[in-house]
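S.K.: Take this structure, written in structure tokens, and hold onto it; I'll ask about it next.
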Amino acid sequence: MPGRFGIFGGQYVPETVMNALIELEREFNAAIQDESFMEEYRYYLREYAGRPTPLYFAQNLTKKLGGARVYLKREDLNHTGAHKINNVLGQILLARRMGKRRVIAETGAGQHGVATATGAAMFGMQCEIFMGKEDVKRQALNVFRMRLLGARVHSVESGTGTLKDAVNEAIRDWVTRIEDTFYVIGSVVGPHPYPTMVREFQKVIGEEAKAQILEKEGRLPDYIIACVGGGSNAMGIFHPFYHDREVKLIGVEAAGLGLETGKHAATMAMGSVGVLHGMKTLLLQDSEGQIMPVHSISAGLDYPGVGPEHAYYKEIGRAEYVAVTDREAVEAFVELSRTEGIIPALESAHAVAYAMKLVPQLSKDKIVIVNLSGRGDKDVETVANLPEVEL
């Protein structure tokens, strides 16, 4: 069934939204089969976002870890500093094709909000961003960037003031102005067709990585590691390797203060099947189905659900999902900065942290690709204020 990944996915939305989703699915399917649309999309990826991004051999980290060869897929080098711009350019071009003049988005770490504000500025569209009050505080730099780009930023006071609450407010706004507004969702979440659409606009990461590693090493990698909140950067690099069964796919989610503390965002490890934000997927919820508060030092991973395609990958065993703590992510944040001169986003640092555990266990002939989903400028103040970090 379209829009389903096994039992996951679907469209669990009010009747008032169904017509908009049906129109969106029809226009998206037409657009990706329209070579002129795809050529325009590829033009902006190349000339505006800066693709292709390098697949960088991390020789210092490889030498220090003493195991497999480590490559970094440098999504942090995209314009605006993260993989988010890939998807945003696709969705804003689609919004323009559909005649929409206003775009809205939700954001946690702020990178999706910055990317959406950037695209809206370039194409002259009205832009409003919804962001939890806690994320507004810890991502102040990105809030300034969004406002500088002309976007109106709404601080969402409800709930825990994080990404889940921002999504709720964005959906409420969309329902009231559905005729003139395009909702730019930032991850592989939400009702169909969003998970599929976002994956299609992000799979350029994996397509490039596959071609680049074949050119550099003459074979496919043994492991691909990426962080998972909603899961867009992970699905973007995983999907083109789906049929390459010899390539092990590893998603890294946030264990926060530790799985045993209950203060984490480890949906795959601790979640159960439920419905949230228009999709059936794995969620952190109590026995009565109420969504539980989540915690991660990384605003972009601070979400109680996961994209339905990831839930399917876990169910069929195509990908493995692990979790690392805040402390481990911060250690990796510092380690990559000092060994390679690359300051990663705290989201990406989760993937680096797991690579630091895995790589020393592997032989030197193995190859590991870590998707570096974003740069760490936005997180420097957060890390600098931690008492355990001394420079």
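Residue names in the structure tokens use chain letters A, B, ... in the order shown, residue numbers from 1 in each chain, and ligand numbers from 1 in the order shown.
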Once you count only C-alpha atoms, what closest atom pair and distance in Å to one decimal does each residue of region 239-287 of chain A within 12 Å of region 186-194 of chain A have, with rows by chain and rising residue number, as a tab-separated table?

M.R.:
```
residue	atom	partner	partner_atom	distance
A:His239	CA	A:Val188	CA	11.9
A:Val275	CA	A:Gly190	CA	9.9
A:Leu276	CA	A:Gly190	CA	7.9
A:His277	CA	A:Gly190	CA	5.4
A:Gly278	CA	A:Pro191	CA	4.5
A:Met279	CA	A:Pro191	CA	5.0
A:Lys280	CA	A:Pro191	CA	8.6
A:Thr281	CA	A:Val189	CA	9.1
A:Leu282	CA	A:Val189	CA	11.2
A:Leu283	CA	A:Val189	CA	11.9
```

S.K.: Store the residues of this selection in a file with C-alpha atoms, as an mmCIF file, in the first residue's frame.

M.R.:
```cif
data_model
loop_
_atom_site.group_PDB
_atom_site.id
_atom_site.type_symbol
_atom_site.label_atom_id
_atom_site.label_comp_id
_atom_site.auth_asym_id
_atom_site.auth_seq_id
_atom_site.Cartn_x
_atom_site.Cartn_y
_atom_site.Cartn_z
ATOM 1 C CA HIS A 239 18.330 4.176 1.321
ATOM 2 C CA VAL A 275 0.364 7.109 16.370
ATOM 3 C CA LEU A 276 1.791 10.637 16.488
ATOM 4 C CA HIS A 277 1.902 13.553 14.060
ATOM 5 C CA GLY A 278 -0.106 11.682 11.436
ATOM 6 C CA MET A 279 1.976 8.476 11.283
ATOM 7 C CA LYS A 280 2.087 5.031 12.889
ATOM 8 C CA THR A 281 5.586 4.366 14.157
ATOM 9 C CA LEU A 282 7.649 3.584 17.250
ATOM 10 C CA LEU A 283 7.076 6.103 20.023
#
```

S.K.: Determine which residues of region 265-376 of chain A receive a DSSP assignment of strand (DSSP E or B), computed from the backbone, and state them as a PyMOL selection string.

M.R.: chain A and resi 272-276+279-283+285+291+305+319-325+344+367-372+374-375

S.K.: Counting only C-alpha atoms, figure out which residue out of A:Ala319, A:Met270, A:Val334, A:Met356 gets nearest to Gly376 (chain A).

M.R.: A:Val334

S.K.: Would you write out, as a Markdown table, a table of all residues in region 141-211 of chain A that have an atom no more than 8 Å from an atom of region 101-119 of chain A, listing for each the closest atom pair and the distance in Å to one decimal, considering only C-alpha atoms and ordering rows by chain and rising residue number?

M.R.:
```
| residue | atom | partner | partner_atom | distance |
| --- | --- | --- | --- | --- |
| A:Asn142 | CA | A:Gly110 | CA | 5.5 |
| A:Val143 | CA | A:Gly110 | CA | 6.9 |
| A:Arg145 | CA | A:Val114 | CA | 6.5 |
| A:Met146 | CA | A:Val114 | CA | 5.2 |
| A:Leu149 | CA | A:Ala117 | CA | 5.9 |
| A:Gly150 | CA | A:Ala117 | CA | 7.0 |
| A:Ala151 | CA | A:Ala117 | CA | 5.7 |
| A:Thr162 | CA | A:Gly108 | CA | 6.5 |
| A:Leu163 | CA | A:Gly108 | CA | 4.8 |
| A:Ala166 | CA | A:Glu106 | CA | 5.6 |
| A:Val167 | CA | A:Glu106 | CA | 5.6 |
| A:Ala170 | CA | A:Glu106 | CA | 6.1 |
| A:Trp174 | CA | A:Ile104 | CA | 7.7 |
| A:Asp180 | CA | A:Arg102 | CA | 6.3 |
| A:Thr181 | CA | A:Arg102 | CA | 4.9 |
| A:Phe182 | CA | A:Val103 | CA | 4.8 |
| A:Tyr183 | CA | A:Ile104 | CA | 5.1 |
| A:Val184 | CA | A:Ala105 | CA | 5.1 |
| A:Ile185 | CA | A:Ala105 | CA | 6.1 |
| A:Gly186 | CA | A:His112 | CA | 5.8 |
```

S.K.: Pick out the closest residue to Phe123 (chain A) from this set: A:Arg219, A:Lys366, A:Arg138, A:Lys100. Count only C-alpha atoms.

M.R.: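 Once distances to Phe123 (chain A) are computed over only C-alpha atoms, the minimum belongs to A:Lys100.
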
S.K.: Could you produce a table of the residues of region 81-190 of chain A lying within 10 Å of region 204-218 of chain A, with the nearest pair of atoms per residue and their separation in Å rounded to one decimal, using only C-alpha atoms, ordered by chain and increasing residue number, as a tab-separated table?

M.R.:
```
residue	atom	partner	partner_atom	distance
A:His83	CA	A:Ile205	CA	8.3
A:Asn86	CA	A:Val204	CA	8.0
A:Asn87	CA	A:Val204	CA	9.7
```

S.K.: So which residues touch region 257-259 of chain A within 9 Å, counting only C-alpha atoms, skipping near sequence neighbours fewer than 6 positions away, as a list in words?

M.R.: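 Those residues are Ala265, Ala266, Ala269, Met270, His295, Ser296, Ile297, Ala323, Val324, Thr325, Asp326 and Arg327 of chain A.
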